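What's in coords.txt: compact mmCIF, C-alpha atoms
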# COMPACT_ATOMS: atom_id res chain seq x y z
CA MET Y 1 61.26 -87.89 99.65
CA SER Y 2 58.95 -88.41 96.71
CA ARG Y 3 61.66 -90.37 94.94
CA LEU Y 4 61.80 -92.64 97.96
CA VAL Y 5 58.06 -93.14 97.84
CA VAL Y 6 58.26 -93.99 94.15
CA ALA Y 7 61.06 -96.43 94.83
CA TRP Y 8 59.02 -98.00 97.60
CA LEU Y 9 55.99 -98.25 95.37
CA ALA Y 10 58.05 -99.81 92.61
CA THR Y 11 59.47 -102.37 95.04
CA LEU Y 12 56.01 -103.15 96.37
CA MET Y 13 54.68 -103.59 92.85
CA LEU Y 14 57.56 -105.87 91.94
CA LEU Y 15 56.98 -107.90 95.08
CA GLY Y 16 53.27 -107.86 94.50
CA ALA Y 17 53.39 -108.90 90.87
CA PRO Y 18 54.42 -112.53 91.42
CA VAL Y 19 51.92 -112.79 94.26
CA HIS Y 20 49.24 -111.52 91.95
CA MET Y 21 50.24 -113.96 89.21
CA ALA Y 22 50.32 -116.79 91.71
CA THR Y 23 46.78 -116.06 92.91
CA ALA Y 24 45.52 -115.80 89.35
CA GLN Y 25 47.07 -119.17 88.59
CA SER Y 26 45.77 -120.83 91.73
CA SER Y 27 42.21 -119.65 91.03
CA LYS Y 28 42.48 -121.31 87.62
CA ALA Y 29 43.74 -124.49 89.29
CA VAL Y 30 40.79 -124.38 91.68
CA SER Y 31 38.31 -124.21 88.84
CA GLU Y 32 40.00 -127.24 87.30
CA THR Y 33 39.49 -129.13 90.57
CA ALA Y 34 35.91 -127.89 90.65
CA VAL Y 35 35.36 -129.35 87.17
CA HIS Y 36 36.99 -132.59 88.28
CA ASP Y 37 34.85 -132.76 91.42
CA VAL Y 38 31.64 -132.55 89.41
CA ALA Y 39 32.93 -134.84 86.65
CA ALA Y 40 34.01 -137.49 89.17
CA GLN Y 41 30.40 -137.85 90.32
CA LEU Y 42 29.10 -138.52 86.82
CA ARG Y 43 29.17 -141.77 84.92
CA CYS Y 44 30.74 -141.58 81.49
CA VAL Y 45 27.82 -142.29 79.16
CA VAL Y 46 29.76 -144.15 76.50
CA CYS Y 47 31.97 -146.32 78.69
CA GLN Y 48 29.62 -146.74 81.67
CA ASN Y 49 32.20 -148.01 84.15
CA LEU Y 50 34.33 -144.88 84.27
CA SER Y 51 33.55 -141.44 85.60
CA VAL Y 52 33.42 -138.43 83.29
CA ALA Y 53 36.59 -137.26 85.04
CA ASP Y 54 38.52 -140.45 84.23
CA SER Y 55 37.28 -141.26 80.75
CA PRO Y 56 39.43 -140.39 77.75
CA SER Y 57 36.42 -140.48 75.39
CA GLU Y 58 35.39 -137.48 73.32
CA MET Y 59 31.92 -137.48 74.86
CA ALA Y 60 33.43 -137.20 78.35
CA SER Y 61 35.73 -134.39 77.30
CA GLN Y 62 32.77 -132.53 75.80
CA MET Y 63 30.92 -133.07 79.06
CA ARG Y 64 33.85 -131.68 81.03
CA ALA Y 65 33.77 -128.62 78.77
CA ILE Y 66 30.05 -128.23 79.49
CA ILE Y 67 30.69 -128.55 83.24
CA ARG Y 68 33.42 -125.89 83.00
CA GLU Y 69 31.16 -123.55 81.02
CA ARG Y 70 28.30 -123.92 83.46
CA LEU Y 71 30.51 -123.38 86.50
CA ALA Y 72 32.06 -120.35 84.82
CA ALA Y 73 28.55 -119.00 84.21
CA GLY Y 74 28.04 -119.01 87.96
CA GLU Y 75 26.16 -122.27 88.47
CA SER Y 76 26.86 -124.22 91.63
CA PRO Y 77 28.21 -127.79 91.39
CA ALA Y 78 24.79 -129.00 92.57
CA ASP Y 79 23.11 -127.07 89.72
CA VAL Y 80 25.43 -128.65 87.18
CA GLN Y 81 24.77 -132.10 88.59
CA ARG Y 82 21.02 -131.46 88.43
CA TYR Y 83 21.39 -130.44 84.76
CA PHE Y 84 22.87 -133.84 83.94
CA VAL Y 85 20.41 -135.78 86.12
CA ASP Y 86 17.52 -133.98 84.35
CA ARG Y 87 18.74 -135.31 81.01
CA TYR Y 88 20.17 -138.71 81.83
CA GLY Y 89 18.29 -139.59 85.00
CA GLU Y 90 19.83 -140.75 88.25
CA TRP Y 91 21.60 -143.38 86.19
CA ILE Y 92 24.35 -140.86 85.49
CA LEU Y 93 25.28 -140.53 89.16
CA LEU Y 94 28.02 -142.93 90.18
CA SER Y 95 26.66 -143.17 93.73
CA PRO Y 96 22.89 -143.37 94.14
CA PRO Y 97 21.38 -140.51 96.18
CA ARG Y 98 20.64 -141.51 99.77
CA ARG Y 99 16.87 -141.47 99.77
CA GLY Y 100 13.86 -143.64 99.05
CA PHE Y 101 14.46 -147.09 97.66
CA ASN Y 102 18.15 -146.28 97.17
CA LEU Y 103 18.60 -146.22 100.96
CA LEU Y 104 18.54 -150.03 100.81
CA VAL Y 105 21.91 -149.96 99.08
CA TRP Y 106 23.36 -147.94 101.94
CA LEU Y 107 21.56 -149.68 104.83
CA LEU Y 108 21.65 -153.36 103.81
CA PRO Y 109 25.44 -153.78 104.16
CA LEU Y 110 25.27 -152.11 107.57
CA ALA Y 111 22.41 -154.39 108.60
CA ALA Y 112 24.36 -157.40 107.33
CA VAL Y 113 27.39 -156.43 109.41
CA VAL Y 114 25.24 -156.01 112.55
CA VAL Y 115 23.47 -159.36 112.03
CA GLY Y 116 26.80 -161.07 111.31
CA LEU Y 117 28.41 -159.67 114.45
CA ALA Y 118 25.41 -160.70 116.56
CA ALA Y 119 25.45 -164.22 115.11
CA THR Y 120 29.21 -164.55 115.70
CA ALA Y 121 28.84 -163.30 119.27
CA ALA Y 122 26.05 -165.79 119.93
CA LEU Y 123 28.06 -168.68 118.49
CA VAL Y 124 31.20 -167.72 120.41
CA TRP Y 125 29.16 -167.55 123.59
CA ARG Y 126 27.71 -170.99 122.95
CA TRP Y 127 31.08 -172.58 122.12
CA SER Y 128 32.79 -171.07 125.14
CA HIS Y 129 30.08 -172.44 127.42
CA ARG Y 130 29.89 -175.95 125.99
CA PRO Y 131 33.20 -177.51 127.20
CA HIS Y 132 31.91 -177.92 130.79
CA ALA Y 133 29.05 -179.99 129.61
CA ALA Y 134 31.30 -181.85 127.16
CA ARG Y 135 33.79 -182.78 129.89
CA ALA Y 136 31.09 -184.12 132.14
CA MET Y 137 29.43 -186.08 129.37
CA PRO Y 138 31.45 -189.19 128.48
CA VAL Y 139 30.60 -191.78 131.05
CA VAL Y 140 32.86 -194.73 130.29
CA ASP Y 141 32.03 -198.06 131.64
CA PRO Y 142 34.97 -199.05 133.93
CA ALA Y 143 34.74 -202.60 132.71
CA MET Y 144 35.04 -201.42 129.11
CA SER Y 145 38.11 -199.25 129.80
CA GLU Y 146 39.70 -202.14 131.62
CA ARG Y 147 39.11 -204.35 128.60
CA ILE Y 148 40.63 -201.78 126.22
CA ARG Y 149 43.68 -201.44 128.44
CA ARG Y 150 44.17 -205.21 128.43
CA GLU Y 151 43.79 -205.49 124.66
CA LEU Y 152 46.29 -202.69 124.11
CA GLU Y 153 48.77 -204.44 126.34
CA ARG Y 154 48.35 -207.63 124.41
CA GLU Y 155 49.02 -205.86 121.14
CA SER Y 156 52.30 -204.32 122.22
CA MET X 1 15.27 -175.70 116.25
CA LYS X 2 17.90 -177.66 114.31
CA ARG X 3 15.33 -178.45 111.61
CA LEU X 4 14.44 -174.79 111.28
CA TRP X 5 18.05 -173.83 110.71
CA ARG X 6 18.48 -176.52 108.08
CA TRP X 7 15.71 -174.82 106.06
CA LEU X 8 16.57 -171.26 106.87
CA ILE X 9 20.05 -171.25 105.36
CA PRO X 10 19.07 -172.37 101.83
CA LEU X 11 15.99 -170.12 102.06
CA ALA X 12 18.24 -167.14 102.66
CA ALA X 13 19.64 -167.63 99.16
CA VAL X 14 16.19 -167.13 97.57
CA PRO X 15 16.06 -163.31 97.73
CA VAL X 16 19.63 -163.16 96.41
CA LEU X 17 18.73 -165.44 93.49
CA ALA X 18 15.58 -163.41 92.81
CA LEU X 19 17.64 -160.21 92.70
CA LEU X 20 20.15 -161.79 90.31
CA ALA X 21 17.35 -163.19 88.13
CA TYR X 22 15.92 -159.68 87.86
CA GLY X 23 19.31 -158.03 87.38
CA PHE X 24 20.45 -160.28 84.56
CA ARG X 25 17.26 -159.69 82.59
CA VAL X 26 17.70 -155.93 82.64
CA SER X 27 20.21 -154.61 80.14
CA PRO X 28 22.50 -152.02 81.70
CA ARG X 29 22.46 -150.29 78.31
CA ASP X 30 18.71 -149.63 78.36
CA ILE X 31 18.76 -146.34 80.16
CA PRO X 32 15.30 -144.85 80.64
CA SER X 33 15.23 -141.27 79.41
CA PRO X 34 13.68 -138.76 81.79
CA LEU X 35 13.08 -136.52 78.76
CA VAL X 36 10.18 -138.52 77.31
CA GLY X 37 7.01 -136.46 77.74
CA ARG X 38 8.96 -133.26 78.32
CA PRO X 39 9.46 -130.35 75.87
CA ALA X 40 12.34 -131.02 73.50
CA PRO X 41 15.42 -128.90 74.30
CA ALA X 42 15.76 -126.07 71.80
CA PHE X 43 18.76 -125.91 69.52
CA ALA X 44 19.96 -123.83 66.60
CA LEU X 45 22.77 -125.25 64.48
CA ALA X 46 23.97 -124.80 60.94
CA THR X 47 23.57 -127.54 58.34
CA LEU X 48 26.56 -128.91 56.45
CA GLY X 49 25.45 -126.69 53.59
CA GLY X 50 25.49 -123.64 55.84
CA ALA X 51 21.75 -123.10 56.21
CA PRO X 52 20.36 -122.45 59.70
CA LEU X 53 18.71 -125.40 61.41
CA ASP X 54 16.55 -124.16 64.24
CA LEU X 55 14.17 -126.54 65.97
CA ALA X 56 11.88 -123.66 66.99
CA THR X 57 10.98 -122.90 63.37
CA HIS X 58 9.42 -126.36 63.00
CA ARG X 59 6.96 -126.07 65.87
CA GLY X 60 3.58 -127.45 64.82
CA LYS X 61 5.15 -130.24 62.77
CA VAL X 62 6.05 -133.75 63.77
CA VAL X 63 9.84 -133.65 64.08
CA VAL X 64 12.20 -136.61 63.99
CA VAL X 65 15.63 -135.75 65.42
CA ASN X 66 18.23 -138.38 64.64
CA PHE X 67 21.65 -138.42 66.32
CA TRP X 68 24.27 -140.21 64.25
CA ALA X 69 27.97 -140.33 63.40
CA SER X 70 29.90 -141.49 60.34
CA TRP X 71 31.96 -143.89 62.52
CA CYS X 72 28.83 -145.59 63.78
CA TYR X 73 28.93 -148.70 61.66
CA PRO X 74 26.72 -150.53 60.84
CA ALA X 75 23.68 -149.14 62.68
CA CYS X 76 23.86 -145.58 61.30
CA TYR X 77 24.46 -146.89 57.78
CA GLU X 78 21.45 -149.18 58.10
CA GLU X 79 19.05 -146.54 59.30
CA ALA X 80 20.08 -143.63 57.05
CA PRO X 81 18.22 -145.04 54.00
CA VAL X 82 15.19 -145.67 56.24
CA LEU X 83 15.20 -142.05 57.40
CA GLU X 84 15.71 -140.77 53.85
CA ARG X 85 12.91 -142.96 52.45
CA ASN X 86 10.45 -141.90 55.13
CA TRP X 87 11.48 -138.23 54.94
CA ARG X 88 10.60 -138.28 51.25
CA GLY X 89 7.37 -140.12 51.99
CA TYR X 90 6.17 -137.91 54.83
CA ARG X 91 7.61 -134.45 54.18
CA ASP X 92 4.45 -133.25 52.43
CA ARG X 93 2.38 -134.22 55.46
CA GLY X 94 4.06 -131.91 57.94
CA VAL X 95 6.90 -134.17 59.06
CA VAL X 96 10.50 -132.97 59.39
CA VAL X 97 13.49 -135.25 59.68
CA MET X 98 16.77 -133.76 60.85
CA GLY X 99 20.11 -135.34 61.49
CA VAL X 100 22.53 -134.24 64.20
CA ASP X 101 26.04 -135.53 63.62
CA ILE X 102 28.00 -135.91 66.85
CA GLN X 103 31.68 -136.47 67.66
CA ASP X 104 32.62 -136.45 64.02
CA LYS X 105 34.84 -134.85 61.41
CA ARG X 106 33.29 -132.59 58.82
CA GLU X 107 34.78 -134.41 55.80
CA ALA X 108 33.62 -137.78 57.13
CA ALA X 109 30.14 -136.39 57.72
CA GLU X 110 29.96 -134.90 54.21
CA LYS X 111 31.09 -138.21 52.71
CA PHE X 112 28.43 -140.07 54.69
CA VAL X 113 25.68 -137.70 53.54
CA GLY X 114 26.93 -137.85 49.93
CA ASP X 115 27.41 -141.63 49.80
CA LEU X 116 23.98 -142.32 51.24
CA GLY X 117 22.31 -139.52 49.26
CA LEU X 118 20.66 -137.87 52.24
CA THR X 119 18.47 -134.89 51.42
CA PHE X 120 17.07 -134.06 54.88
CA PRO X 121 18.92 -131.31 56.81
CA VAL X 122 22.00 -132.49 58.67
CA ALA X 123 23.98 -130.40 61.16
CA GLN X 124 27.06 -131.04 63.22
CA ASP X 125 26.99 -130.69 67.00
CA LEU X 126 30.67 -129.91 67.41
CA LYS X 127 30.67 -129.09 71.12
CA GLY X 128 28.31 -131.86 72.15
CA THR X 129 25.92 -129.45 73.85
CA VAL X 130 22.88 -130.60 71.86
CA SER X 131 23.64 -134.28 72.48
CA VAL X 132 23.99 -133.71 76.22
CA ASP X 133 20.80 -131.61 76.21
CA TYR X 134 19.04 -134.63 74.72
CA GLY X 135 20.71 -137.08 77.08
CA VAL X 136 22.33 -138.93 74.20
CA TYR X 137 24.72 -141.64 75.32
CA GLY X 138 25.45 -143.32 72.02
CA VAL X 139 24.60 -143.33 68.34
CA PRO X 140 22.22 -143.86 66.76
CA GLU X 141 19.46 -142.43 68.89
CA THR X 142 16.27 -140.97 67.50
CA PHE X 143 13.75 -138.67 69.16
CA PHE X 144 10.18 -138.31 67.91
CA LEU X 145 8.63 -134.93 68.74
CA ASP X 146 4.91 -134.19 68.60
CA ARG X 147 3.37 -131.01 67.21
CA GLN X 148 3.58 -129.36 70.63
CA GLY X 149 7.32 -129.88 70.58
CA ARG X 150 7.37 -132.57 73.27
CA ILE X 151 9.58 -135.64 73.10
CA ARG X 152 7.24 -138.58 72.75
CA LEU X 153 9.60 -141.43 72.00
CA LYS X 154 13.30 -142.08 72.27
CA HIS X 155 14.49 -144.90 70.07
CA VAL X 156 17.92 -146.38 70.76
CA GLY X 157 19.57 -148.18 67.85
CA ALA X 158 18.81 -148.17 64.14
CA VAL X 159 15.35 -146.89 63.25
CA THR X 160 13.25 -149.28 61.18
CA ASP X 161 10.42 -148.47 58.78
CA GLU X 162 8.02 -149.96 61.29
CA VAL X 163 9.19 -147.82 64.22
CA PHE X 164 9.25 -144.68 62.08
CA GLN X 165 5.87 -145.18 60.47
CA THR X 166 3.88 -146.36 63.50
CA THR X 167 5.28 -143.53 65.65
CA VAL X 168 4.88 -140.78 63.06
CA ASP X 169 1.39 -141.96 62.03
CA ARG X 170 0.32 -141.90 65.68
CA LEU X 171 1.71 -138.38 66.19
CA LEU X 172 0.15 -137.13 62.95
CA ALA X 173 -3.24 -138.47 64.02
CA GLU X 174 -3.18 -136.26 67.11
CA ALA X 175 -4.84 -132.85 67.11
CA PRO X 176 -2.64 -130.14 65.60
CA ALA X 177 -1.10 -127.52 67.88
CA GLN X 178 -3.21 -124.47 68.59

Once more with this new file: its structure as structure tokens, please.
Amino acid sequence: MSRLVVAWLATLMLLGAPVHMATAQSSKAVSETAVHDVAAQLRCVVCQNLSVADSPSEMASQMRAIIRERLAAGESPADVQRYFVDRYGEWILLSPPRRGFNLLVWLLPLAAVVVGLAATAALVWRWSHRPHAARAMPVVDPAMSERIRRELERES
Amino acid sequence: MKRLWRWLIPLAAVPVLALLAYGFRVSPRDIPSPLVGRPAPAFALATLGGAPLDLATHRGKVVVVNFWASWCYPACYEEAPVLERNWRGYRDRGVVVMGVDIQDKREAAEKFVGDLGLTFPVAQDLKGTVSVDYGVYGVPETFFLDRQGRIRLKHVGAVTDEVFQTTVDRLLAEAPAQ
């Protein structure tokens, strides 16, 4: 009986071991994504047009190490971002925060689309209503059309 | 109505042109530092010679923290003699100059210090934590700290005698820390 229990326990442990290893590995992978998620929001300070996640520069790799250290110390991604903003200003954020003057950046394109759609709709409405008037408009003098017909006949 | 439209369309370009005129005058490299006016981040490093270099021990003095690298040519090579000259000139008046070497190799840093004959303390920031604490985005960058340990000026690019002396004289003229 007890031998059976031991055998069962051994089997369970063997089955459990890879599961355990897998979870340990996946938690490491998650922290790598967490580092990437924070780094992707930050502008690389030496190259300026890349994110800290994408830049191969030494500065960016040091910054990724700092992000990893801070996350490992228990800081939230927002805390880490605040740490960088405190030192570099909002400049370091690749997308401006949606408040204050920055809202213009988010709202102007929307406003432009709305105004453009309204203008297009108005123009389409005008064009689709004009033909009636246009058809009624040309009043050709019968004498003139008769003269044109005669001249055309003479030409041919 | 037609006349109005004829004016309105070119007029619509005016705000766009104004924005571009403003945008092209501003250098994207001039990044305002939010640290100016705030207490300087503390750091404790070791100099190339192995001596401790702790900012906290220099409280009460005017401190000039210079971030440089041996690969930063020519700006760092231009300003190093300026820093050395002024360090010698001001050290007896309660001014400390310290160099923080970033993203560099030890041998290259030692050669730089030897070639240029620098005598002020120089330490390496191997992990980049001090440079990020100071919001450094390139070399050279120089921070002038007052006697209360606050950052009063961030200078981007090679330091000149004029920048060094006017800033340090102004900070020295202020009341000493209590």

Point to revise | Selection: 9 Å around Tyr134 (chain X), all atoms listed in the file, excl. self and same-chain fewer than 4 positions, as a PyMOL selection string | key: (chain Y and resi 87-88) or (chain X and resi 33+35+40-41+129-130+143)

**Study point:** 9 Å contacts from chain X to chain Y using only C-alpha atoms, as JSON, numbers by chain
**Key:** {"X": [28, 29, 31, 32, 33, 34, 35, 103, 127, 128, 129, 132, 133, 134, 135, 136, 137, 138]}

Write the residues of the preceding selection, restricted to C-alpha atoms, as a tab-separated table (two decimals), in the coordinates of the input.
chain	number	residue	atom	x	y	z
X	28	PRO	CA	22.50	-152.02	81.70
X	29	ARG	CA	22.46	-150.29	78.31
X	31	ILE	CA	18.76	-146.34	80.16
X	32	PRO	CA	15.30	-144.85	80.64
X	33	SER	CA	15.23	-141.27	79.41
X	34	PRO	CA	13.68	-138.76	81.79
X	35	LEU	CA	13.08	-136.52	78.76
X	103	GLN	CA	31.68	-136.47	67.66
X	127	LYS	CA	30.67	-129.09	71.12
X	128	GLY	CA	28.31	-131.86	72.15
X	129	THR	CA	25.92	-129.45	73.85
X	132	VAL	CA	23.99	-133.71	76.22
X	133	ASP	CA	20.80	-131.61	76.21
X	134	TYR	CA	19.04	-134.63	74.72
X	135	GLY	CA	20.71	-137.08	77.08
X	136	VAL	CA	22.33	-138.93	74.20
X	137	TYR	CA	24.72	-141.64	75.32
X	138	GLY	CA	25.45	-143.32	72.02

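The interatomic distance for the pair CA of Leu19 (chain X) and CA of Pro109 (chain Y) works out to 15.3 Å.
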
Review point. Neighbours of region 51-66 of chain X within 9 Å (all atoms listed in the file; same-chain residues fewer than 4 positions away dropped), as a ChimeraX atom specification?
Key: /X:40-47,83,93-101,121-123,139-149,164,168,171-172,176-178

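For the pair CA of Arg88 (chain X) and CA of Thr166 (chain X), the separation is 16.1 Å.
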
Point to revise | One-decimal distance in Å that lies between CA of Asp54 (chain Y) and CA of Ala40 (chain Y) | key: 7.3 Å

Practice item. Find the residue from Y:Ala34, Y:Val113, Y:Leu104, Y:Ala118 that sits nearest to Val80 (chain Y); use only C-alpha atoms when measuring. Key: Y:Ala34

As JSON, what would the box around region 105-124 of chain Y look like: edges along x, y and z, 4 Å added on every side, centre and edge lengths in Å to one decimal?
{"center_x": 26.4, "center_y": -158.3, "center_z": 109.7, "size_x": 17.6, "size_y": 28.7, "size_z": 29.3}
